[in-house]
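**Student:** mmCIF, C-alpha atoms, saved as start22.cif, coming up:
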data_upload
loop_
_atom_site.label_atom_id
_atom_site.label_comp_id
_atom_site.auth_asym_id
_atom_site.auth_seq_id
_atom_site.Cartn_x
_atom_site.Cartn_y
_atom_site.Cartn_z
CA MET A 86 70.74 100.79 69.35
CA LYS A 87 70.82 100.01 73.07
CA LEU A 88 68.41 101.81 75.37
CA PRO A 89 71.05 103.61 77.58
CA PHE A 90 72.83 104.97 74.51
CA TYR A 91 69.54 106.09 72.92
CA ILE A 92 68.30 107.90 76.04
CA ALA A 93 71.70 109.53 76.63
CA HIS A 94 71.84 110.75 73.04
CA ARG A 95 68.35 112.25 73.29
CA LEU A 96 69.25 113.98 76.54
CA PHE A 97 72.49 115.33 75.11
CA THR A 98 70.93 116.70 71.91
CA ALA A 99 67.72 117.98 73.51
CA ASP A 100 67.44 121.75 73.84
CA ASP A 101 64.68 122.61 76.28
CA ASP A 102 64.15 124.70 79.37
CA ARG A 103 64.51 121.72 81.68
CA ARG A 104 68.29 121.84 81.21
CA LYS A 105 68.73 125.31 82.70
CA VAL A 106 70.56 123.88 85.72
CA SER A 107 72.71 121.29 83.95
CA ARG A 108 73.64 123.44 80.96
CA PRO A 109 76.31 125.46 82.85
CA ALA A 110 77.64 122.27 84.45
CA ILE A 111 77.93 120.63 81.03
CA ARG A 112 79.78 123.65 79.65
CA ILE A 113 82.19 123.73 82.59
CA ALA A 114 82.87 120.00 82.24
CA THR A 115 83.43 120.36 78.49
CA ILE A 116 85.77 123.30 78.99
CA GLY A 117 87.68 121.40 81.71
CA VAL A 118 88.28 118.44 79.42
CA ALA A 119 89.19 120.70 76.48
CA ILE A 120 91.68 122.76 78.48
CA GLY A 121 93.24 119.67 80.05
CA LEU A 122 93.77 117.96 76.69
CA ALA A 123 95.02 121.13 74.98
CA VAL A 124 97.60 121.72 77.74
CA MET A 125 98.75 118.10 77.52
CA ILE A 126 99.15 118.26 73.72
CA ILE A 127 101.11 121.52 73.93
CA THR A 128 103.29 120.24 76.78
CA VAL A 129 104.20 116.99 75.05
CA SER A 130 104.85 118.78 71.73
CA VAL A 131 107.13 121.38 73.34
CA VAL A 132 109.13 118.78 75.29
CA LEU A 133 109.53 116.59 72.21
CA GLY A 134 110.64 119.62 70.23
CA PHE A 135 113.16 120.61 72.90
CA LYS A 136 114.62 117.13 73.25
CA HIS A 137 115.01 116.48 69.54
CA THR A 138 116.28 119.99 68.72
CA ILE A 139 118.92 119.95 71.46
CA ARG A 140 119.87 116.35 70.62
CA ASP A 141 120.34 117.24 66.95
CA LYS A 142 122.49 120.24 67.87
CA VAL A 143 124.72 118.13 70.09
CA ALA A 144 124.96 115.46 67.41
CA GLY A 145 125.79 118.14 64.84
CA PHE A 146 129.11 118.77 66.58
CA GLY A 147 129.92 115.41 68.11
CA ASN A 148 127.73 113.00 66.18
CA HIS A 149 126.12 109.99 67.80
CA ILE A 150 129.21 107.88 68.62
CA GLN A 151 132.87 108.85 68.88
CA VAL A 152 135.85 106.48 68.59
CA GLU A 153 138.92 108.02 70.24
CA ASN A 154 142.16 107.37 72.10
CA PHE A 155 141.46 106.05 75.60
CA MET A 156 143.77 108.72 77.06
CA ALA A 157 141.74 111.50 75.41
CA LEU A 158 138.83 110.73 77.73
CA GLN A 159 141.02 111.06 80.82
CA THR A 160 142.38 114.54 80.12
CA THR A 161 141.72 117.67 78.08
CA ASP A 162 145.02 117.27 76.19
CA PRO A 163 144.72 115.98 72.60
CA TYR A 164 145.87 112.38 72.10
CA PRO A 165 146.06 110.83 68.63
CA ILE A 166 144.71 107.52 67.40
CA CYS A 167 145.25 105.82 64.06
CA ILE A 168 141.97 105.64 62.11
CA SER A 169 142.99 103.61 59.08
CA ASP A 170 140.96 103.09 55.93
CA SER A 171 140.42 99.46 56.90
CA LEU A 172 138.99 100.53 60.28
CA ILE A 173 136.71 103.03 58.53
CA ARG A 174 135.39 100.23 56.32
CA ALA A 175 134.93 97.95 59.34
CA LEU A 176 132.93 100.61 61.18
CA ARG A 177 130.79 101.35 58.13
CA SER A 178 129.98 97.64 57.84
CA ILE A 179 128.23 97.69 61.24
CA ASP A 180 124.48 97.47 60.75
CA GLY A 181 122.91 100.84 61.52
CA ILE A 182 125.98 103.01 60.86
CA LYS A 183 125.21 105.70 58.29
CA ARG A 184 128.47 107.71 58.16
CA VAL A 185 132.01 107.58 59.55
CA GLN A 186 134.23 110.68 59.44
CA ARG A 187 137.63 111.56 60.89
CA PHE A 188 138.32 114.62 63.02
CA ALA A 189 141.24 116.20 64.87
CA VAL A 190 141.21 118.76 67.68
CA THR A 191 143.95 121.21 68.60
CA GLN A 192 144.17 124.16 70.97
CA GLY A 193 145.09 127.64 69.80
CA ILE A 194 144.86 131.35 70.44
CA LEU A 195 143.12 133.71 68.03
CA LYS A 196 144.63 137.20 68.09
CA THR A 197 143.60 140.53 66.65
CA ASP A 198 145.24 143.92 67.11
CA ALA A 199 142.98 144.66 70.06
CA ASP A 200 142.19 141.30 71.66
CA PHE A 201 142.90 137.58 71.82
CA LEU A 202 140.94 134.46 72.70
CA GLY A 203 141.79 130.82 73.40
CA VAL A 204 139.73 128.34 71.37
CA ALA A 205 139.55 124.71 70.33
CA LEU A 206 140.04 124.21 66.61
CA LYS A 207 138.37 121.13 65.20
CA GLY A 208 139.82 119.81 61.97
CA ILE A 209 137.44 118.13 59.53
CA GLY A 210 137.89 116.73 56.04
CA SER A 211 135.94 116.28 52.84
CA ASP A 212 134.09 113.28 54.32
CA TYR A 213 132.45 115.52 56.93
CA ASP A 214 128.67 115.98 56.60
CA PRO A 215 128.14 119.79 56.44
CA THR A 216 124.32 119.68 56.59
CA PHE A 217 124.04 120.74 60.23
CA LEU A 218 126.53 123.59 60.00
CA LYS A 219 125.06 124.91 56.76
CA GLN A 220 121.71 125.26 58.50
CA HIS A 221 123.28 127.53 61.12
CA ILE A 222 125.50 129.73 58.94
CA VAL A 223 124.56 133.37 59.63
CA SER A 224 127.26 135.03 57.53
CA GLY A 225 129.60 133.92 54.75
CA GLU A 226 129.60 130.32 53.57
CA MET A 227 130.66 126.83 54.55
CA PRO A 228 134.19 126.21 53.25
CA ALA A 229 135.28 122.99 51.53
CA PHE A 230 137.60 121.52 54.16
CA SER A 231 140.27 119.01 53.16
CA GLU A 232 142.38 116.24 54.68
CA GLN A 233 144.97 116.47 51.88
CA LYS A 234 146.04 120.13 52.03
CA SER A 235 145.52 123.35 53.94
CA THR A 236 143.01 125.84 52.55
CA ASN A 237 143.67 128.33 55.40
CA GLN A 238 139.91 128.73 55.87
CA ILE A 239 138.26 128.93 59.28
CA LEU A 240 134.62 128.73 60.36
CA MET A 241 133.92 130.39 63.69
CA SER A 242 130.87 131.06 65.84
CA LYS A 243 129.09 134.38 65.99
CA ARG A 244 129.91 134.64 69.69
CA ILE A 245 133.65 134.34 69.03
CA ALA A 246 133.43 136.73 66.07
CA ASP A 247 131.59 139.32 68.17
CA LYS A 248 134.16 139.07 70.99
CA LEU A 249 137.02 139.66 68.57
CA GLN A 250 135.01 142.14 66.44
CA LEU A 251 135.42 140.11 63.27
CA LYS A 252 133.23 139.37 60.27
CA ALA A 253 133.18 136.96 57.34
CA GLY A 254 136.03 137.66 54.93
CA ASP A 255 138.41 139.03 57.59
CA ARG A 256 141.80 137.48 58.22
CA ILE A 257 143.10 136.50 61.62
CA TYR A 258 146.27 135.04 63.10
CA ALA A 259 146.15 131.92 65.24
CA TYR A 260 149.01 130.85 67.50
CA PHE A 261 149.69 127.29 68.61
CA ILE A 262 152.02 126.36 71.47
CA THR A 263 153.63 122.91 71.41
CA GLY A 264 156.21 122.51 74.15
CA GLU A 265 158.65 125.34 73.59
CA ASP A 266 157.63 125.79 69.97
CA VAL A 267 155.12 128.47 68.92
CA ARG A 268 153.53 128.21 65.50
CA ALA A 269 151.48 130.86 63.74
CA ARG A 270 148.88 130.45 61.03
CA ARG A 271 146.89 133.05 59.17
CA PHE A 272 143.30 132.09 58.43
CA THR A 273 140.54 133.67 56.37
CA ILE A 274 137.10 133.65 58.00
CA SER A 275 134.97 131.95 55.38
CA GLY A 276 131.79 131.83 57.44
CA ILE A 277 130.20 132.46 60.83
CA TYR A 278 127.74 130.06 62.46
CA GLU A 279 125.38 130.33 65.43
CA THR A 280 123.81 127.32 67.16
CA ASN A 281 123.01 129.00 70.52
CA MET A 282 124.72 126.04 72.25
CA SER A 283 127.13 127.82 74.58
CA GLN A 284 129.30 124.70 75.01
CA PHE A 285 130.18 124.91 71.33
CA ASP A 286 129.69 128.53 70.33
CA GLN A 287 132.09 129.79 73.01
CA ASN A 288 134.98 127.53 72.11
CA ILE A 289 134.90 125.74 68.77
CA CYS A 290 136.20 126.87 65.39
CA LEU A 291 136.54 124.57 62.40
CA ILE A 292 139.57 124.21 60.13
CA ASP A 293 141.04 121.65 57.73
CA LEU A 294 141.76 118.19 59.11
CA TYR A 295 145.18 118.37 57.40
CA THR A 296 146.04 121.60 59.26
CA ALA A 297 144.94 120.30 62.68
CA VAL A 298 147.01 117.10 62.29
CA LYS A 299 150.09 119.08 61.23
CA LEU A 300 149.77 121.57 64.09
CA ASN A 301 149.60 118.70 66.60
CA GLY A 302 152.71 117.13 65.09
CA TRP A 303 150.95 113.82 64.41
CA GLU A 304 151.51 111.29 61.67
CA PRO A 305 149.37 111.66 58.51
CA ASP A 306 147.26 108.61 59.42
CA GLN A 307 146.61 109.84 62.97
CA CYS A 308 143.76 112.03 64.19
CA SER A 309 141.71 112.64 67.33
CA GLY A 310 139.22 110.00 66.33
CA ALA A 311 136.22 109.14 64.20
CA GLU A 312 132.62 110.31 64.49
CA LEU A 313 129.84 107.86 63.67
CA THR A 314 126.30 108.72 62.61
CA VAL A 315 123.54 106.14 63.07
CA THR A 316 120.51 105.74 60.83
CA ASP A 317 118.03 105.25 63.69
CA PHE A 318 118.69 107.16 66.90
CA ASP A 319 116.35 104.89 68.85
CA GLN A 320 118.81 102.04 68.19
CA LEU A 321 121.81 104.04 69.42
CA GLU A 322 122.58 101.88 72.45
CA SER A 323 122.56 98.58 70.55
CA ILE A 324 124.69 100.02 67.74
CA ALA A 325 127.10 101.55 70.26
CA GLN A 326 127.53 98.11 71.84
CA GLN A 327 128.52 96.70 68.45
CA VAL A 328 131.13 99.46 68.14
CA VAL A 329 132.42 98.60 71.64
CA ASP A 330 132.76 94.95 70.66
CA ARG A 331 134.58 95.91 67.46
CA VAL A 332 137.17 98.46 68.68
CA ASN A 333 137.24 99.04 72.46
CA ARG A 334 140.44 98.10 74.31
CA ARG A 335 142.22 97.23 71.08
CA PRO A 336 145.52 98.92 70.14
CA ASP A 337 146.28 100.70 66.89
CA LYS A 338 149.61 100.21 65.09
CA TYR A 339 151.27 102.80 67.36
CA GLY A 340 150.11 101.04 70.53
CA ASP A 341 147.39 103.56 71.44
CA ILE A 342 144.17 102.05 72.83
CA PHE A 343 140.78 102.56 71.19
CA THR A 344 137.67 103.48 73.15
CA SER A 345 134.24 104.80 72.23
CA GLN A 346 131.44 106.82 73.78
CA THR A 347 127.97 107.95 72.81
CA LEU A 348 126.81 111.56 72.88
CA TYR A 349 124.93 110.70 76.12
CA GLU A 350 128.28 109.91 77.75
CA ALA A 351 130.09 112.83 76.13
CA TYR A 352 127.52 115.46 77.22
CA PRO A 353 125.78 114.04 80.32
CA GLN A 354 124.87 117.45 81.77
CA ILE A 355 122.77 118.38 78.73
CA PHE A 356 120.85 115.12 78.64
CA SER A 357 120.35 115.14 82.42
CA TRP A 358 118.63 118.49 81.98
CA LEU A 359 116.44 117.05 79.23
CA GLU A 360 115.50 114.12 81.47
CA LEU A 361 114.19 116.60 84.05
CA LEU A 362 111.74 117.82 81.41
CA ASP A 363 110.24 114.32 81.27
CA MET A 364 109.43 114.51 84.97
CA ASN A 365 107.74 117.88 84.46
CA VAL A 366 105.68 116.41 81.64
CA TRP A 367 104.37 113.58 83.83
CA ILE A 368 103.42 116.04 86.57
CA ILE A 369 101.52 118.23 84.10
CA LEU A 370 99.77 115.24 82.51
CA ILE A 371 98.61 113.94 85.89
CA LEU A 372 97.37 117.38 86.97
CA MET A 373 95.47 117.97 83.73
CA ILE A 374 93.82 114.54 83.80
CA CYS A 375 92.81 115.21 87.41
CA VAL A 376 91.28 118.55 86.37
CA ALA A 377 89.31 116.86 83.60
CA GLY A 378 88.19 114.06 85.92
CA PHE A 379 87.02 116.29 88.77
CA THR A 380 85.10 118.64 86.47
CA MET A 381 83.36 115.63 84.94
CA ILE A 382 82.47 114.24 88.40
CA SER A 383 80.88 117.52 89.50
CA GLY A 384 79.08 117.86 86.19
CA LEU A 385 77.70 114.32 86.34
CA LEU A 386 76.44 114.75 89.90
CA ILE A 387 74.58 117.93 88.95
CA ILE A 388 73.03 116.20 85.93
CA ILE A 389 71.92 113.21 88.03
CA LEU A 390 70.32 115.46 90.63
CA GLU A 391 68.56 117.46 87.95
CA ARG A 392 67.20 114.31 86.33
CA THR A 393 65.96 112.70 89.55
CA GLN A 394 62.37 112.57 88.33
CA MET A 395 63.43 110.95 85.07
CA ILE A 396 65.42 108.35 87.01
CA GLY A 397 62.37 107.58 89.14
CA ILE A 398 60.15 107.18 86.08
CA LEU A 399 62.64 104.85 84.40
CA LYS A 400 62.84 102.72 87.54
CA ALA A 401 59.04 102.68 87.86
CA LEU A 402 58.88 101.41 84.26
CA GLY A 403 61.18 98.54 85.16
CA ALA A 404 64.64 99.91 84.30
CA ARG A 405 67.41 98.43 86.41
CA ASN A 406 70.02 100.49 88.25
CA ALA A 407 72.68 99.32 85.77
CA THR A 408 70.61 100.56 82.82
CA VAL A 409 70.14 104.01 84.37
CA ARG A 410 73.79 104.16 85.40
CA HIS A 411 74.94 103.29 81.87
CA THR A 412 72.65 105.99 80.52
CA PHE A 413 74.46 108.68 82.49
CA LEU A 414 77.86 107.22 81.66
CA TRP A 415 77.00 107.46 77.97
CA PHE A 416 75.86 111.02 78.59
CA ALA A 417 79.24 111.76 80.17
CA ILE A 418 81.04 110.18 77.21
CA PHE A 419 79.22 112.59 74.87
CA ILE A 420 80.38 115.52 77.01
CA ILE A 421 83.95 114.19 77.12
CA GLY A 422 83.88 113.65 73.35
CA ARG A 423 82.92 117.27 72.73
CA GLY A 424 85.65 118.40 75.13
CA LEU A 425 88.22 116.23 73.34
CA LEU A 426 87.19 117.73 70.00
CA TRP A 427 87.70 121.28 71.20
CA GLY A 428 90.87 120.32 73.06
CA ASN A 429 92.38 118.85 69.90
CA LEU A 430 91.44 121.89 67.85
CA VAL A 431 92.95 124.31 70.37
CA GLY A 432 96.03 122.25 71.26
CA ILE A 433 97.00 121.19 67.74
CA GLY A 434 96.15 124.64 66.40
CA LEU A 435 98.50 126.39 68.86
CA VAL A 436 101.27 123.87 68.18
CA LEU A 437 100.99 124.40 64.42
CA LEU A 438 100.89 128.18 64.93
CA GLN A 439 104.16 128.03 66.88
CA GLN A 440 105.71 125.61 64.41
CA TYR A 441 105.10 127.83 61.38
CA THR A 442 105.41 131.30 62.93
CA GLY A 443 107.72 130.91 65.96
CA ILE A 444 105.57 133.45 67.78
CA VAL A 445 106.87 132.36 71.23
CA THR A 446 110.50 133.38 71.66
CA LEU A 447 113.02 132.30 74.30
CA ASP A 448 116.33 133.46 75.71
CA ALA A 449 118.81 131.56 73.56
CA GLN A 450 121.55 131.86 76.19
CA THR A 451 119.43 129.92 78.68
CA TYR A 452 117.39 127.51 76.56
CA TYR A 453 119.80 126.96 73.61
CA VAL A 454 117.08 128.01 71.13
CA SER A 455 115.67 131.41 70.16
CA THR A 456 112.09 130.18 69.61
CA ALA A 457 110.15 127.49 71.47
CA PRO A 458 110.59 124.30 69.41
CA VAL A 459 107.55 122.07 68.96
CA GLU A 460 107.07 118.66 67.41
CA LEU A 461 103.58 117.30 66.79
CA SER A 462 103.36 113.52 67.19
CA ILE A 463 100.04 112.11 65.96
CA PRO A 464 100.45 108.75 67.81
CA LEU A 465 101.02 110.59 71.09
CA VAL A 466 98.04 112.87 70.45
CA LEU A 467 95.83 109.82 69.89
CA LEU A 468 97.25 108.22 73.04
CA LEU A 469 96.48 111.36 75.08
CA ASN A 470 92.92 111.36 73.74
CA ALA A 471 92.42 107.70 74.62
CA ALA A 472 93.96 108.11 78.09
CA THR A 473 91.82 111.18 78.86
CA LEU A 474 88.65 109.39 77.75
CA LEU A 475 89.39 106.20 79.69
CA VAL A 476 90.46 107.95 82.90
CA SER A 477 87.51 110.36 82.81
CA VAL A 478 85.00 107.53 82.33
CA PHE A 479 86.71 105.41 85.00
CA VAL A 480 86.46 108.10 87.69
CA LEU A 481 82.75 108.51 86.90
CA ILE A 482 81.90 104.89 87.68
CA ALA A 483 81.67 105.49 91.44
CA PRO A 484 79.57 108.72 91.24
CA SER A 485 77.19 107.02 88.79
CA HIS A 486 76.16 104.60 91.58
CA LEU A 487 74.24 107.52 93.09
CA VAL A 488 71.29 106.52 90.89
CA SER A 489 70.86 103.29 92.91
CA ARG A 490 69.97 105.37 95.99
CA ILE A 491 67.12 107.18 94.26
CA HIS A 492 63.72 105.65 95.18
CA PRO A 493 61.04 105.80 92.48
CA ALA A 494 58.23 106.87 94.86
CA ARG A 495 60.24 109.67 96.48
CA SER A 496 61.63 110.89 93.15
CA MET A 497 58.11 111.58 91.86
CA ARG A 498 57.80 114.35 94.48
CA TYR A 499 61.31 115.74 93.78
CA GLU A 500 61.34 119.32 92.54
#
Before anything else, please render the file you have as structure tokens.

**Tutor:**
Amino acid sequence: MKLPFYIAHRLFTADDDRRKVSRPAIRIATIGVAIGLAVMIITVSVVLGFKHTIRDKVAGFGNHIQVENFMALQTTDPYPICISDSLIRALRSIDGIKRVQRFAVTQGILKTDADFLGVALKGIGSDYDPTFLKQHIVSGEMPAFSEQKSTNQILMSKRIADKLQLKAGDRIYAYFITGEDVRARRFTISGIYETNMSQFDQNICLIDLYTAVKLNGWEPDQCSGAELTVTDFDQLESIAQQVVDRVNRRPDKYGDIFTSQTLYEAYPQIFSWLELLDMNVWIILILMICVAGFTMISGLLIIILERTQMIGILKALGARNATVRHTFLWFAIFIIGRGLLWGNLVGIGLVLLQQYTGIVTLDAQTYYVSTAPVELSIPLVLLLNAATLLVSVFVLIAPSHLVSRIHPARSMRYE
């Protein structure tokens, strides 16, 4: 065991009256490191939880990549595209594509005896993955939608149901205007969902793919497009480029042009908001590391001044400045280590408490979620610990040079 480490360990574990001055400084430094690390762990966990929760909600409605008619991206009017079985197979063959499903969108008006509301009705078929919607059903059940026939079932959001004063099991008329033709359909509300995403909850109801295609007057092999789910979201951009190479700017058998877009391009305002959270995270991380660093600097200076006589004795016995300096740096590392331990316990403990209890609630209309979402990432926690340790030790290198200015003869008279 090296001499600086041994002396620092004895100083750190010693419990005598000579540490009356440094003991409060050590506690303050430990608390500063612990609070800084705990805040960083909580901040990173909350931001990760927000980003992944909101991303999954957006993907639940629009999936990761959409293949549509080029004209559909230029206007709000529905334009059809032919998604043939051969194209479905070609898209599924792309490495990284997990699922391909057709969809069709039409505009309609829901009417009750007392009120009416314009909505977008999204038609989905039996190939649609219902996992996301089933997780957000608050009343009724998820119907079995079909692309072969009309079941006259509709799934609507809680916000729409509340506006029209409806509940699961009720029946409602929907009216569709195509040119001078007005069509009416009577649907049964099979279920009510709530995602707290206002972009979707205010406007979207789900019906059979067969019904949506018929109401738009399209051919049986036409639809609004196809939604693609990727296996690894981190590879979204590379997979999307493969889709672009496969379908973009190519015509279908009716002459309509294919195009594609990712959910980043479809909902830029949501992801721009999430990117702002990243900037806030960096600001908080920098501030917390600065807090930990400055508390450690003040603590180390107090400890050095208190141990002036010891420094003089060590120098008189032949210890070099580097040896004494390394002794106090090791002492600081012990303090930082204790602070990191408490910071991990507090930070991870609060994150797990929120994860399993949801004790912190939010305004769902503003933040898209009713409870603060958290996601604990062990690699990021380890990275925060390493960064805090390295930065704290680095900022102590300059203050530790104070020991070189202490003269052995003068230090013997220091009180």

**Student:** Which residues, written as number ranges by chain, have at least one atom at most 8 Å from A:His411, with all atoms listed in the file counted and residues fewer than 3 positions away on the same chain left out?

**Tutor:** A: 89-90, 407-408, 414-415

**Student:** With a distance cut-off of 12 Å and all atoms listed in the file, select the neighbouring residues of A:Asp448, excluding the residue or stretch itself and same-chain residues fewer than 4 positions from it, and output the selection as a ChimeraX atom specification.

**Tutor:** /A:281-282,452-457

**Student:** Compare A:Tyr164, A:Tyr213, A:Tyr295, A:Trp358 by their minimum atom-to-atom distance to A:Gln186, counting all atoms listed in the file, and give me the closest one.

**Tutor:**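 So, comparing all the options, the nearest one is A:Tyr213.
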
**Student:** Could you tell me which of A:Ile368, A:Ile126, A:His94, A:Val152 comes closest to A:Val329 if we count only C-alpha atoms?

**Tutor:**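 Using only C-alpha atoms, the shortest distance to A:Val329 belongs to A:Val152.
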
**Student:** Which one is closest to A:His221: A:Pro165, A:Ser178, A:Thr280, A:Cys375? Count all atoms listed in the file.

**Tutor:** A:Thr280

**Student:** Given the file above and the PyMOL selection byres ((chain A and resi 333) around 8), which residues are selected, and can you give them as a PDB file with C-alpha atoms, keeping the file's coordinate frame?

**Tutor:**
ATOM      1  CA  VAL A 328     131.130  99.460  68.140  1.00  0.00           C
ATOM      2  CA  VAL A 329     132.420  98.600  71.640  1.00  0.00           C
ATOM      3  CA  ASP A 330     132.760  94.950  70.660  1.00  0.00           C
ATOM      4  CA  ARG A 331     134.580  95.910  67.460  1.00  0.00           C
ATOM      5  CA  VAL A 332     137.170  98.460  68.680  1.00  0.00           C
ATOM      6  CA  ARG A 334     140.440  98.100  74.310  1.00  0.00           C
ATOM      7  CA  ARG A 335     142.220  97.230  71.080  1.00  0.00           C
ATOM      8  CA  ILE A 342     144.170 102.050  72.830  1.00  0.00           C
ATOM      9  CA  PHE A 343     140.780 102.560  71.190  1.00  0.00           C
ATOM     10  CA  THR A 344     137.670 103.480  73.150  1.00  0.00           C
ATOM     11  CA  SER A 345     134.240 104.800  72.230  1.00  0.00           C
TER      12      SER A 345
END

**Student:** Compile the contact shell of stretch 194-202 of chain A as an mmCIF file with C-alpha atoms, in the coordinates of the input: residues with an atom at most 7 Å away, counting all atoms listed in the file, same-chain residues fewer than 5 positions apart removed.

**Tutor:**
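As written to disk, part-v7.cif reads:
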data_model
loop_
_atom_site.group_PDB
_atom_site.id
_atom_site.type_symbol
_atom_site.label_atom_id
_atom_site.label_comp_id
_atom_site.auth_asym_id
_atom_site.auth_seq_id
_atom_site.Cartn_x
_atom_site.Cartn_y
_atom_site.Cartn_z
ATOM 1 C CA LEU A 249 137.020 139.660 68.570
ATOM 2 C CA ILE A 257 143.100 136.500 61.620
ATOM 3 C CA TYR A 258 146.270 135.040 63.100
ATOM 4 C CA ALA A 259 146.150 131.920 65.240
ATOM 5 C CA TYR A 260 149.010 130.850 67.500
ATOM 6 C CA PHE A 261 149.690 127.290 68.610
#

**Student:** Identify all residues satisfying the PyMOL selection byres ((chain A and resi 215) around 10) in the given file; provide them as a PyMOL selection string.

**Tutor:** chain A and resi 145+209+211-214+216-220+227-230

**Student:** Near A:Arg187, counting all atoms listed in the file, which residues have an atom at most 10 Å away, once you skip same-chain residues fewer than 5 positions from it, shown as a PyMOL selection string?

**Tutor:** chain A and resi 151-152+168-169+173+208-213+232+294+307-313

**Student:** Smallest atom-to-atom distance to A:Ile262: which of A:Gln439, A:Asn301, A:Gln320, A:Thr161, using only C-alpha atoms?

**Tutor:** A:Asn301

**Student:** Pick the closest to A:Lys136 from A:Ser357, A:Thr442, A:Thr314, A:Ser477: which is it, counting all atoms listed in the file?

**Tutor:**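 Closest to A:Lys136 of all the choices is A:Ser357.
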
**Student:** Extract, using all atoms listed in the file, all DNA, RNA and protein residues at most 6 Å from stretch 381-386 of chain A, discarding same-chain residues fewer than 3 positions from it, and format them as a list in words.

**Tutor:**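 Listing them by chain and then by number gives Ala110, Ile111, Ala114, Gly378, Ile389 and Leu481 of chain A.
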
**Student:** Any chance you could export the current selection's C-alpha atoms as a tab-separated table (two decimals), keeping the file's coordinate frame?

**Tutor:**
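After the write, out-v1.tsv holds the following:
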chain	number	residue	atom	x	y	z
A	110	ALA	CA	77.64	122.27	84.45
A	111	ILE	CA	77.93	120.63	81.03
A	114	ALA	CA	82.87	120.00	82.24
A	378	GLY	CA	88.19	114.06	85.92
A	389	ILE	CA	71.92	113.21	88.03
A	481	LEU	CA	82.75	108.51	86.90
